[in-house]
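Student: Attaching a single structure in structure tokens format; questions to follow.
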Amino acid sequence: KVYYLTFRDYIRETLIDKNIYKAASKLDGKDNTELETAIGSKLLSILEHISSIFSGFYEGLNLIFQHQYILKLLGISCLYEIVMTVLDYEFKVMGALSTSSSSSVGLLESTSIHIQDENRFANLLGRFGQVTNIVSFIISFFGFSIVVHHFGVRHTLLVFPIVLFVAVVVTNLAPRLWVFFFLVSLLKGLIFSLQDPAKELLYIPTSEAIKYKAKAWIDVFGSRLAKAAGSYMSSWTGGDVHKL
């Protein structure tokens with residue numbers, strides 16, 4: 001009843017659980033069995049939902065290791081995320097360094113310079129996003145269907161890894177901001193317009209269980225784990241892009 005009196009308006013606005021609201025609104029020093037029953041049923045439904053999530057997690061993981069085809073799909077979908085996370089980190093670190101002004105000035109001037117640096121860096125990221133979306137649109141509109149039709153899905157999936165390998169070599173030989181800007185925007189555009197659509201085609205001949213359980217595991221957990229591995233590698237260098 002204290003909970004109801006405290007959060008009464010919140011419950012009315014959100015209507016989280018009508019049964020709990022009705023049971024709580026009837027309390028006036030009486031037996032609270034009805035409220036306990038409503039809360040118990042709500043907790044039971046939450047526990048069942050959590051149990052279904054974990055069961056789906058293990059079922060999806062089991063399907064991946066049962067089928068070699070799905071295991072390869074896991075590699076195609078996730079391994080490149082490690083390298084892309086590192087390249088994106090290098091680009092942003094170099095962008096932040098190139099837009100920063102290092103000079104010994106007073107406090108007010110330092111604050112003004114800091115704001116200008118942030119604006120220049122935001123402008124850089126804005127242009128980067130524009131270029132990435134333009135590249136993605138051009139490839140999606142003009143290139144995807146042509147490449148898949150003439151070369152097939154197998155060879156289409158080879159385009160991005162080859163470009164990624166070339167980008168890693170070039171950025172190590174010429175670690176310049178404009179090089180990272182061009183290559184990272186090209187790679188992200190290829191992911192959105194070529195790699196991901198071609199990868200989705202590989203799920204067509206699979207079963208419903210694989211499409212909904214294994215694919216969900218790959219897209220949610222596998223991709224995040226790969227990005228976490230790339231982030232760990234980036235943080236391990238302590239911000240020194242030359243170590244990467």
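Naming scheme: A, B, ... for chains in displayed order of the structure tokens; residues 1 onward per chain; ligands 1 onward as shown.
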Tell me which protein, DNA and RNA residues are within 12 Å of range 70-73 of chain A, counting only C-alpha atoms, leaving out same-chain ones fewer than 4 positions away, and put them as a PDB file with all heavy atoms, in the first residue's frame.

Tutor:
ATOM      1  N   GLY A  60      20.502 -21.359 -29.636  1.00  0.00           N
ATOM      2  CA  GLY A  60      21.171 -20.735 -30.776  1.00  0.00           C
ATOM      3  C   GLY A  60      22.640 -21.084 -30.827  1.00  0.00           C
ATOM      4  O   GLY A  60      23.190 -21.380 -31.903  1.00  0.00           O
ATOM      5  N   LEU A  61      23.311 -21.074 -29.671  1.00  0.00           N
ATOM      6  CA  LEU A  61      24.726 -21.431 -29.622  1.00  0.00           C
ATOM      7  C   LEU A  61      24.934 -22.892 -30.001  1.00  0.00           C
ATOM      8  O   LEU A  61      25.902 -23.237 -30.702  1.00  0.00           O
ATOM      9  CB  LEU A  61      25.265 -21.158 -28.216  1.00  0.00           C
ATOM     10  CG  LEU A  61      26.776 -21.307 -28.008  1.00  0.00           C
ATOM     11  CD1 LEU A  61      27.534 -20.324 -28.887  1.00  0.00           C
ATOM     12  CD2 LEU A  61      27.138 -21.096 -26.553  1.00  0.00           C
ATOM     13  N   ASN A  62      24.032 -23.754 -29.563  1.00  0.00           N
ATOM     14  CA  ASN A  62      24.132 -25.169 -29.897  1.00  0.00           C
ATOM     15  C   ASN A  62      23.956 -25.397 -31.389  1.00  0.00           C
ATOM     16  O   ASN A  62      24.667 -26.223 -31.996  1.00  0.00           O
ATOM     17  CB  ASN A  62      23.072 -25.945 -29.114  1.00  0.00           C
ATOM     18  CG  ASN A  62      23.251 -27.448 -29.253  1.00  0.00           C
ATOM     19  OD1 ASN A  62      24.370 -27.950 -29.306  1.00  0.00           O
ATOM     20  ND2 ASN A  62      22.144 -28.159 -29.300  1.00  0.00           N
ATOM     21  N   LEU A  63      23.044 -24.679 -32.015  1.00  0.00           N
ATOM     22  CA  LEU A  63      22.837 -24.814 -33.458  1.00  0.00           C
ATOM     23  C   LEU A  63      24.072 -24.374 -34.243  1.00  0.00           C
ATOM     24  O   LEU A  63      24.403 -24.955 -35.282  1.00  0.00           O
ATOM     25  CB  LEU A  63      21.628 -23.985 -33.890  1.00  0.00           C
ATOM     26  CG  LEU A  63      20.246 -24.535 -33.542  1.00  0.00           C
ATOM     27  CD1 LEU A  63      19.180 -23.495 -33.838  1.00  0.00           C
ATOM     28  CD2 LEU A  63      19.983 -25.807 -34.324  1.00  0.00           C
ATOM     29  N   ILE A  64      24.748 -23.347 -33.756  1.00  0.00           N
ATOM     30  CA  ILE A  64      25.948 -22.854 -34.448  1.00  0.00           C
ATOM     31  C   ILE A  64      27.034 -23.917 -34.483  1.00  0.00           C
ATOM     32  O   ILE A  64      27.663 -24.158 -35.524  1.00  0.00           O
ATOM     33  CB  ILE A  64      26.456 -21.566 -33.767  1.00  0.00           C
ATOM     34  CG1 ILE A  64      25.470 -20.419 -33.992  1.00  0.00           C
ATOM     35  CG2 ILE A  64      27.842 -21.180 -34.288  1.00  0.00           C
ATOM     36  CD1 ILE A  64      25.795 -19.174 -33.216  1.00  0.00           C
ATOM     37  N   PHE A  65      27.256 -24.583 -33.356  1.00  0.00           N
ATOM     38  CA  PHE A  65      28.329 -25.578 -33.295  1.00  0.00           C
ATOM     39  C   PHE A  65      27.897 -26.926 -33.870  1.00  0.00           C
ATOM     40  O   PHE A  65      28.751 -27.775 -34.137  1.00  0.00           O
ATOM     41  CB  PHE A  65      28.793 -25.750 -31.850  1.00  0.00           C
ATOM     42  CG  PHE A  65      29.614 -24.593 -31.360  1.00  0.00           C
ATOM     43  CD1 PHE A  65      29.053 -23.615 -30.542  1.00  0.00           C
ATOM     44  CD2 PHE A  65      30.946 -24.460 -31.719  1.00  0.00           C
ATOM     45  CE1 PHE A  65      29.803 -22.546 -30.096  1.00  0.00           C
ATOM     46  CE2 PHE A  65      31.708 -23.392 -31.277  1.00  0.00           C
ATOM     47  CZ  PHE A  65      31.131 -22.428 -30.471  1.00  0.00           C
ATOM     48  N   GLN A  66      26.615 -27.125 -34.074  1.00  0.00           N
ATOM     49  CA  GLN A  66      26.150 -28.361 -34.684  1.00  0.00           C
ATOM     50  C   GLN A  66      26.351 -28.364 -36.202  1.00  0.00           C
ATOM     51  O   GLN A  66      26.571 -29.407 -36.804  1.00  0.00           O
ATOM     52  CB  GLN A  66      24.663 -28.591 -34.373  1.00  0.00           C
ATOM     53  CG  GLN A  66      24.414 -29.230 -33.020  1.00  0.00           C
ATOM     54  CD  GLN A  66      22.938 -29.502 -32.800  1.00  0.00           C
ATOM     55  OE1 GLN A  66      22.086 -29.088 -33.586  1.00  0.00           O
ATOM     56  NE2 GLN A  66      22.633 -30.191 -31.714  1.00  0.00           N
ATOM     57  N   SER A  77      30.280 -13.087 -40.263  1.00  0.00           N
ATOM     58  CA  SER A  77      29.505 -11.993 -39.675  1.00  0.00           C
ATOM     59  C   SER A  77      30.254 -11.221 -38.601  1.00  0.00           C
ATOM     60  O   SER A  77      29.938 -10.037 -38.368  1.00  0.00           O
ATOM     61  CB  SER A  77      28.200 -12.539 -39.085  1.00  0.00           C
ATOM     62  OG  SER A  77      27.459 -13.238 -40.052  1.00  0.00           O
ATOM     63  N   CYS A  78      31.232 -11.860 -37.937  1.00  0.00           N
ATOM     64  CA  CYS A  78      31.790 -11.256 -36.726  1.00  0.00           C
ATOM     65  C   CYS A  78      33.281 -10.937 -36.772  1.00  0.00           C
ATOM     66  O   CYS A  78      33.709  -9.959 -36.152  1.00  0.00           O
ATOM     67  CB  CYS A  78      31.520 -12.175 -35.528  1.00  0.00           C
ATOM     68  SG  CYS A  78      29.769 -12.504 -35.246  1.00  0.00           S
ATOM     69  N   LEU A  79      34.070 -11.732 -37.461  1.00  0.00           N
ATOM     70  CA  LEU A  79      35.521 -11.550 -37.365  1.00  0.00           C
ATOM     71  C   LEU A  79      35.985 -10.191 -37.873  1.00  0.00           C
ATOM     72  O   LEU A  79      36.901  -9.588 -37.309  1.00  0.00           O
ATOM     73  CB  LEU A  79      36.232 -12.674 -38.124  1.00  0.00           C
ATOM     74  CG  LEU A  79      36.172 -14.065 -37.471  1.00  0.00           C
ATOM     75  CD1 LEU A  79      36.893 -15.086 -38.324  1.00  0.00           C
ATOM     76  CD2 LEU A  79      36.749 -14.033 -36.065  1.00  0.00           C
ATOM     77  N   TYR A  80      35.361  -9.688 -38.928  1.00  0.00           N
ATOM     78  CA  TYR A  80      35.799  -8.399 -39.471  1.00  0.00           C
ATOM     79  C   TYR A  80      35.521  -7.248 -38.505  1.00  0.00           C
ATOM     80  O   TYR A  80      36.143  -6.186 -38.601  1.00  0.00           O
ATOM     81  CB  TYR A  80      35.120  -8.137 -40.812  1.00  0.00           C
ATOM     82  CG  TYR A  80      33.662  -7.748 -40.717  1.00  0.00           C
ATOM     83  CD1 TYR A  80      33.283  -6.412 -40.544  1.00  0.00           C
ATOM     84  CD2 TYR A  80      32.661  -8.701 -40.812  1.00  0.00           C
ATOM     85  CE1 TYR A  80      31.960  -6.055 -40.457  1.00  0.00           C
ATOM     86  CE2 TYR A  80      31.335  -8.347 -40.729  1.00  0.00           C
ATOM     87  CZ  TYR A  80      30.984  -7.020 -40.554  1.00  0.00           C
ATOM     88  OH  TYR A  80      29.670  -6.667 -40.463  1.00  0.00           O
ATOM     89  N   LEU A 157      31.041 -11.954 -51.439  1.00  0.00           N
ATOM     90  CA  LEU A 157      31.504 -11.938 -50.052  1.00  0.00           C
ATOM     91  C   LEU A 157      33.023 -11.803 -49.943  1.00  0.00           C
ATOM     92  O   LEU A 157      33.535 -11.532 -48.851  1.00  0.00           O
ATOM     93  CB  LEU A 157      31.044 -13.204 -49.332  1.00  0.00           C
ATOM     94  CG  LEU A 157      29.553 -13.282 -49.023  1.00  0.00           C
ATOM     95  CD1 LEU A 157      29.174 -14.674 -48.554  1.00  0.00           C
ATOM     96  CD2 LEU A 157      29.172 -12.250 -47.968  1.00  0.00           C
ATOM     97  N   ASP A 196      26.742  -6.905 -45.664  1.00  0.00           N
ATOM     98  CA  ASP A 196      25.566  -7.343 -44.896  1.00  0.00           C
ATOM     99  C   ASP A 196      24.441  -7.886 -45.773  1.00  0.00           C
ATOM    100  O   ASP A 196      23.861  -8.938 -45.452  1.00  0.00           O
ATOM    101  CB  ASP A 196      25.059  -6.193 -44.024  1.00  0.00           C
ATOM    102  CG  ASP A 196      25.942  -5.983 -42.799  1.00  0.00           C
ATOM    103  OD1 ASP A 196      26.821  -6.834 -42.544  1.00  0.00           O
ATOM    104  OD2 ASP A 196      25.760  -4.969 -42.096  1.00  0.00           O
ATOM    105  N   ALA A 198      24.681  -9.330 -48.736  1.00  0.00           N
ATOM    106  CA  ALA A 198      25.120 -10.625 -49.271  1.00  0.00           C
ATOM    107  C   ALA A 198      25.138 -11.688 -48.179  1.00  0.00           C
ATOM    108  O   ALA A 198      24.802 -12.854 -48.427  1.00  0.00           O
ATOM    109  CB  ALA A 198      26.513 -10.481 -49.894  1.00  0.00           C
ATOM    110  N   LYS A 199      25.502 -11.290 -46.982  1.00  0.00           N
ATOM    111  CA  LYS A 199      25.507 -12.242 -45.854  1.00  0.00           C
ATOM    112  C   LYS A 199      24.092 -12.721 -45.539  1.00  0.00           C
ATOM    113  O   LYS A 199      23.897 -13.898 -45.207  1.00  0.00           O
ATOM    114  CB  LYS A 199      26.123 -11.558 -44.642  1.00  0.00           C
ATOM    115  CG  LYS A 199      26.140 -12.387 -43.374  1.00  0.00           C
ATOM    116  CD  LYS A 199      26.484 -11.513 -42.186  1.00  0.00           C
ATOM    117  CE  LYS A 199      25.394 -10.503 -41.905  1.00  0.00           C
ATOM    118  NZ  LYS A 199      25.674  -9.644 -40.739  1.00  0.00           N
ATOM    119  N   GLU A 200      23.113 -11.840 -45.639  1.00  0.00           N
ATOM    120  CA  GLU A 200      21.732 -12.229 -45.349  1.00  0.00           C
ATOM    121  C   GLU A 200      21.226 -13.271 -46.342  1.00  0.00           C
ATOM    122  O   GLU A 200      20.359 -14.076 -46.003  1.00  0.00           O
ATOM    123  CB  GLU A 200      20.819 -10.993 -45.381  1.00  0.00           C
ATOM    124  CG  GLU A 200      21.109  -9.963 -44.308  1.00  0.00           C
ATOM    125  CD  GLU A 200      20.919 -10.506 -42.908  1.00  0.00           C
ATOM    126  OE1 GLU A 200      19.962 -11.281 -42.706  1.00  0.00           O
ATOM    127  OE2 GLU A 200      21.729 -10.174 -42.028  1.00  0.00           O
ATOM    128  N   LEU A 201      21.744 -13.247 -47.563  1.00  0.00           N
ATOM    129  CA  LEU A 201      21.318 -14.224 -48.560  1.00  0.00           C
ATOM    130  C   LEU A 201      21.702 -15.647 -48.155  1.00  0.00           C
ATOM    131  O   LEU A 201      21.059 -16.610 -48.588  1.00  0.00           O
ATOM    132  CB  LEU A 201      21.928 -13.892 -49.921  1.00  0.00           C
ATOM    133  CG  LEU A 201      21.489 -12.569 -50.563  1.00  0.00           C
ATOM    134  CD1 LEU A 201      22.257 -12.337 -51.851  1.00  0.00           C
ATOM    135  CD2 LEU A 201      19.985 -12.561 -50.836  1.00  0.00           C
ATOM    136  N   LEU A 202      22.732 -15.781 -47.348  1.00  0.00           N
ATOM    137  CA  LEU A 202      23.196 -17.112 -46.939  1.00  0.00           C
ATOM    138  C   LEU A 202      22.230 -17.798 -45.986  1.00  0.00           C
ATOM    139  O   LEU A 202      22.314 -19.012 -45.776  1.00  0.00           O
ATOM    140  CB  LEU A 202      24.574 -17.007 -46.281  1.00  0.00           C
ATOM    141  CG  LEU A 202      25.706 -16.454 -47.164  1.00  0.00           C
ATOM    142  CD1 LEU A 202      26.989 -16.337 -46.369  1.00  0.00           C
ATOM    143  CD2 LEU A 202      25.925 -17.349 -48.375  1.00  0.00           C
ATOM    144  N   TYR A 203      21.306 -17.046 -45.384  1.00  0.00           N
ATOM    145  CA  TYR A 203      20.341 -17.644 -44.465  1.00  0.00           C
ATOM    146  C   TYR A 203      19.110 -18.194 -45.183  1.00  0.00           C
ATOM    147  O   TYR A 203      18.282 -18.857 -44.548  1.00  0.00           O
ATOM    148  CB  TYR A 203      19.886 -16.613 -43.430  1.00  0.00           C
ATOM    149  CG  TYR A 203      20.926 -16.281 -42.394  1.00  0.00           C
ATOM    150  CD1 TYR A 203      21.683 -15.114 -42.495  1.00  0.00           C
ATOM    151  CD2 TYR A 203      21.141 -17.115 -41.304  1.00  0.00           C
ATOM    152  CE1 TYR A 203      22.640 -14.797 -41.538  1.00  0.00           C
ATOM    153  CE2 TYR A 203      22.089 -16.804 -40.346  1.00  0.00           C
ATOM    154  CZ  TYR A 203      22.833 -15.638 -40.475  1.00  0.00           C
ATOM    155  OH  TYR A 203      23.781 -15.332 -39.532  1.00  0.00           O
ATOM    156  N   PRO A 205      18.608 -20.683 -47.445  1.00  0.00           N
ATOM    157  CA  PRO A 205      18.378 -22.134 -47.463  1.00  0.00           C
ATOM    158  C   PRO A 205      18.351 -22.798 -46.084  1.00  0.00           C
ATOM    159  O   PRO A 205      18.238 -24.023 -46.002  1.00  0.00           O
ATOM    160  CB  PRO A 205      19.571 -22.654 -48.279  1.00  0.00           C
ATOM    161  CG  PRO A 205      20.660 -21.686 -48.007  1.00  0.00           C
ATOM    162  CD  PRO A 205      19.988 -20.349 -47.858  1.00  0.00           C
ATOM    163  N   THR A 206      18.466 -22.043 -45.014  1.00  0.00           N
ATOM    164  CA  THR A 206      18.521 -22.640 -43.679  1.00  0.00           C
ATOM    165  C   THR A 206      17.113 -22.839 -43.115  1.00  0.00           C
ATOM    166  O   THR A 206      16.121 -22.339 -43.655  1.00  0.00           O
ATOM    167  CB  THR A 206      19.343 -21.752 -42.723  1.00  0.00           C
ATOM    168  OG1 THR A 206      18.719 -20.457 -42.631  1.00  0.00           O
ATOM    169  CG2 THR A 206      20.759 -21.594 -43.229  1.00  0.00           C
ATOM    170  N   SER A 207      17.037 -23.525 -41.983  1.00  0.00           N
ATOM    171  CA  SER A 207      15.755 -23.813 -41.340  1.00  0.00           C
ATOM    172  C   SER A 207      15.259 -22.605 -40.546  1.00  0.00           C
ATOM    173  O   SER A 207      15.986 -21.631 -40.331  1.00  0.00           O
ATOM    174  CB  SER A 207      15.901 -25.018 -40.411  1.00  0.00           C
ATOM    175  OG  SER A 207      16.795 -24.720 -39.347  1.00  0.00           O
ATOM    176  N   ALA A 209      14.541 -22.559 -37.353  1.00  0.00           N
ATOM    177  CA  ALA A 209      15.250 -22.483 -36.068  1.00  0.00           C
ATOM    178  C   ALA A 209      16.568 -21.739 -36.217  1.00  0.00           C
ATOM    179  O   ALA A 209      16.944 -20.925 -35.369  1.00  0.00           O
ATOM    180  CB  ALA A 209      15.493 -23.890 -35.528  1.00  0.00           C
ATOM    181  N   ILE A 210      17.273 -21.985 -37.303  1.00  0.00           N
ATOM    182  CA  ILE A 210      18.552 -21.299 -37.535  1.00  0.00           C
ATOM    183  C   ILE A 210      18.318 -19.825 -37.812  1.00  0.00           C
ATOM    184  O   ILE A 210      19.056 -18.964 -37.313  1.00  0.00           O
ATOM    185  CB  ILE A 210      19.308 -21.973 -38.689  1.00  0.00           C
ATOM    186  CG1 ILE A 210      19.801 -23.357 -38.266  1.00  0.00           C
ATOM    187  CG2 ILE A 210      20.490 -21.116 -39.146  1.00  0.00           C
ATOM    188  CD1 ILE A 210      20.443 -24.149 -39.369  1.00  0.00           C
ATOM    189  N   LYS A 211      17.296 -19.515 -38.588  1.00  0.00           N
ATOM    190  CA  LYS A 211      17.028 -18.120 -38.936  1.00  0.00           C
ATOM    191  C   LYS A 211      16.669 -17.285 -37.721  1.00  0.00           C
ATOM    192  O   LYS A 211      17.011 -16.101 -37.652  1.00  0.00           O
ATOM    193  CB  LYS A 211      15.900 -18.053 -39.963  1.00  0.00           C
ATOM    194  CG  LYS A 211      16.287 -18.549 -41.348  1.00  0.00           C
ATOM    195  CD  LYS A 211      15.086 -18.531 -42.280  1.00  0.00           C
ATOM    196  CE  LYS A 211      15.466 -19.084 -43.650  1.00  0.00           C
ATOM    197  NZ  LYS A 211      14.294 -19.157 -44.558  1.00  0.00           N
ATOM    198  N   LYS A 213      16.988 -18.394 -34.202  1.00  0.00           N
ATOM    199  CA  LYS A 213      17.761 -18.610 -32.977  1.00  0.00           C
ATOM    200  C   LYS A 213      19.254 -18.436 -33.195  1.00  0.00           C
ATOM    201  O   LYS A 213      19.902 -17.652 -32.500  1.00  0.00           O
ATOM    202  CB  LYS A 213      17.458 -20.004 -32.419  1.00  0.00           C
ATOM    203  CG  LYS A 213      16.025 -20.162 -31.947  1.00  0.00           C
ATOM    204  CD  LYS A 213      15.754 -21.536 -31.388  1.00  0.00           C
ATOM    205  CE  LYS A 213      14.304 -21.660 -30.922  1.00  0.00           C
ATOM    206  NZ  LYS A 213      14.007 -23.010 -30.386  1.00  0.00           N
ATOM    207  N   ALA A 214      19.813 -19.153 -34.176  1.00  0.00           N
ATOM    208  CA  ALA A 214      21.252 -19.028 -34.436  1.00  0.00           C
ATOM    209  C   ALA A 214      21.592 -17.649 -34.973  1.00  0.00           C
ATOM    210  O   ALA A 214      22.586 -17.033 -34.579  1.00  0.00           O
ATOM    211  CB  ALA A 214      21.697 -20.118 -35.411  1.00  0.00           C
ATOM    212  N   LYS A 215      20.780 -17.127 -35.873  1.00  0.00           N
ATOM    213  CA  LYS A 215      21.035 -15.801 -36.441  1.00  0.00           C
ATOM    214  C   LYS A 215      20.948 -14.717 -35.372  1.00  0.00           C
ATOM    215  O   LYS A 215      21.741 -13.768 -35.362  1.00  0.00           O
ATOM    216  CB  LYS A 215      20.045 -15.509 -37.564  1.00  0.00           C
ATOM    217  CG  LYS A 215      20.306 -14.201 -38.301  1.00  0.00           C
ATOM    218  CD  LYS A 215      19.313 -14.002 -39.413  1.00  0.00           C
ATOM    219  CE  LYS A 215      19.635 -12.742 -40.193  1.00  0.00           C
ATOM    220  NZ  LYS A 215      19.603 -11.522 -39.359  1.00  0.00           N
ATOM    221  N   ALA A 216      19.969 -14.863 -34.478  1.00  0.00           N
ATOM    222  CA  ALA A 216      19.853 -13.888 -33.387  1.00  0.00           C
ATOM    223  C   ALA A 216      21.091 -13.915 -32.509  1.00  0.00           C
ATOM    224  O   ALA A 216      21.585 -12.864 -32.072  1.00  0.00           O
ATOM    225  CB  ALA A 216      18.600 -14.184 -32.569  1.00  0.00           C
ATOM    226  N   TRP A 217      21.603 -15.100 -32.219  1.00  0.00           N
ATOM    227  CA  TRP A 217      22.818 -15.202 -31.406  1.00  0.00           C
ATOM    228  C   TRP A 217      23.991 -14.544 -32.123  1.00  0.00           C
ATOM    229  O   TRP A 217      24.778 -13.815 -31.504  1.00  0.00           O
ATOM    230  CB  TRP A 217      23.129 -16.672 -31.129  1.00  0.00           C
ATOM    231  CG  TRP A 217      24.105 -16.869 -30.008  1.00  0.00           C
ATOM    232  CD1 TRP A 217      23.826 -17.189 -28.722  1.00  0.00           C
ATOM    233  CD2 TRP A 217      25.535 -16.739 -30.071  1.00  0.00           C
ATOM    234  NE1 TRP A 217      24.967 -17.267 -27.979  1.00  0.00           N
ATOM    235  CE2 TRP A 217      26.041 -16.993 -28.777  1.00  0.00           C
ATOM    236  CE3 TRP A 217      26.433 -16.432 -31.084  1.00  0.00           C
ATOM    237  CZ2 TRP A 217      27.397 -16.943 -28.488  1.00  0.00           C
ATOM    238  CZ3 TRP A 217      27.787 -16.377 -30.792  1.00  0.00           C
ATOM    239  CH2 TRP A 217      28.249 -16.635 -29.507  1.00  0.00           C
ATOM    240  N   ILE A 218      24.127 -14.799 -33.420  1.00  0.00           N
ATOM    241  CA  ILE A 218      25.242 -14.231 -34.186  1.00  0.00           C
ATOM    242  C   ILE A 218      25.144 -12.709 -34.233  1.00  0.00           C
ATOM    243  O   ILE A 218      26.132 -11.997 -33.996  1.00  0.00           O
ATOM    244  CB  ILE A 218      25.263 -14.818 -35.607  1.00  0.00           C
ATOM    245  CG1 ILE A 218      25.630 -16.305 -35.565  1.00  0.00           C
ATOM    246  CG2 ILE A 218      26.254 -14.069 -36.492  1.00  0.00           C
ATOM    247  CD1 ILE A 218      25.489 -17.012 -36.897  1.00  0.00           C
ATOM    248  N   ASP A 219      23.951 -12.187 -34.533  1.00  0.00           N
ATOM    249  CA  ASP A 219      23.779 -10.738 -34.690  1.00  0.00           C
ATOM    250  C   ASP A 219      23.907  -9.992 -33.371  1.00  0.00           C
ATOM    251  O   ASP A 219      24.427  -8.867 -33.340  1.00  0.00           O
ATOM    252  CB  ASP A 219      22.417 -10.441 -35.317  1.00  0.00           C
ATOM    253  CG  ASP A 219      22.331 -10.921 -36.758  1.00  0.00           C
ATOM    254  OD1 ASP A 219      23.399 -11.162 -37.362  1.00  0.00           O
ATOM    255  OD2 ASP A 219      21.210 -11.070 -37.278  1.00  0.00           O
ATOM    256  N   GLY A 222      27.425 -12.514 -30.925  1.00  0.00           N
ATOM    257  CA  GLY A 222      28.677 -12.681 -31.659  1.00  0.00           C
ATOM    258  C   GLY A 222      29.263 -11.363 -32.114  1.00  0.00           C
ATOM    259  O   GLY A 222      30.462 -11.106 -31.953  1.00  0.00           O
ATOM    260  N   SER A 223      28.409 -10.504 -32.668  1.00  0.00           N
ATOM    261  CA  SER A 223      28.892  -9.202 -33.144  1.00  0.00           C
ATOM    262  C   SER A 223      29.402  -8.343 -31.997  1.00  0.00           C
ATOM    263  O   SER A 223      30.445  -7.689 -32.107  1.00  0.00           O
ATOM    264  CB  SER A 223      27.760  -8.484 -33.879  1.00  0.00           C
ATOM    265  OG  SER A 223      28.165  -7.220 -34.333  1.00  0.00           O
TER     266      SER A 223
END

Student: List as JSON lines every residue of range 208-244 of chain A that is in contact with range 82-97 of chain A, defined as an atom at most 6 Å from one of its atoms (using only C-alpha atoms), together with the nearest atom pair and the distance in Å rounded to one decimal, sorted by chain and then rising number.

Tutor:
{"residue": "A:Ala226", "atom": "CA", "partner": "A:Ile82", "partner_atom": "CA", "distance": 5.3}
{"residue": "A:Lys227", "atom": "CA", "partner": "A:Ile82", "partner_atom": "CA", "distance": 5.5}
{"residue": "A:Gly230", "atom": "CA", "partner": "A:Ile82", "partner_atom": "CA", "distance": 4.3}
{"residue": "A:Ser234", "atom": "CA", "partner": "A:Val86", "partner_atom": "CA", "distance": 5.9}
{"residue": "A:Val241", "atom": "CA", "partner": "A:Glu90", "partner_atom": "CA", "distance": 5.7}

Student: Closest to Ile115 in chain A among A:Thr99, A:Thr156, A:Ser136, A:Gln130, using only C-alpha atoms?

Tutor: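 Distance minimum relative to Ile115 in chain A lands on A:Thr99.
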
Student: Write out as a list in words the residues lying within 9 Å of Ser193 in chain A, counting only C-alpha atoms and excluding same-chain residues fewer than 4 positions away.

Tutor: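 Using only C-alpha atoms, the neighbours found are Val135, Ser136, Phe137, Ile138, Ile139, Ser140, Phe141, Gly143, Phe144, Lys188, Gly189, Pro197 and Ala198 of chain A.
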
Student: Could you tell me how far CA of Ser185 in chain A lies from CA of Arg120 in chain A, in Å and to one decimal?

Tutor: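 CA of Ser185 in chain A sits 18.1 Å away from CA of Arg120 in chain A.
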
Student: Taking 4 positions as the minimum chain separation for residues in the same chain, which residues sit within 9 Å of His242 in chain A when counting only C-alpha atoms? Answer as a PyMOL selection string.

Tutor: chain A and resi 90+172+175+237

Student: Give me a file of those residues, with C-alpha atoms, as a PDB file, in the first residue's frame.

Tutor:
ATOM      1  CA  GLU A  90      42.678   4.808 -35.022  1.00  0.00           C
ATOM      2  CA  ASN A 172      50.155   0.831 -41.710  1.00  0.00           C
ATOM      3  CA  PRO A 175      49.165   6.420 -41.347  1.00  0.00           C
ATOM      4  CA  THR A 237      47.605   0.325 -26.507  1.00  0.00           C
TER       5      THR A 237
END

Student: From the options A:Arg154, A:Glu81, A:Arg176, A:Glu118, which residue's atoms come nearest to Ala229 in chain A, counting only C-alpha atoms?

Tutor: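 Among the listed residues, A:Glu81 lies closest to Ala229 in chain A.
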
Student: For Ala167 in chain A, which of A:His155, A:Ser235, A:Phe181, A:Leu225 is the closest residue, counting only C-alpha atoms?

Tutor: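 Ranking A:His155, A:Ser235, A:Phe181, A:Leu225 by distance to Ala167 in chain A, first place goes to A:Phe181.
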
Student: Expressed in Å to a single decimal, how great is the separation between CA of Leu177 in chain A and CA of Phe121 in chain A?

Tutor: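 Separation between CA of Leu177 in chain A and CA of Phe121 in chain A: 12.3 Å.
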
Student: Tell me, in Å to one decimal, how far CA of Arg127 in chain A is from CA of Pro161 in chain A.

Tutor: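 Pair CA of Arg127 in chain A / CA of Pro161 in chain A returns 24.8 Å.
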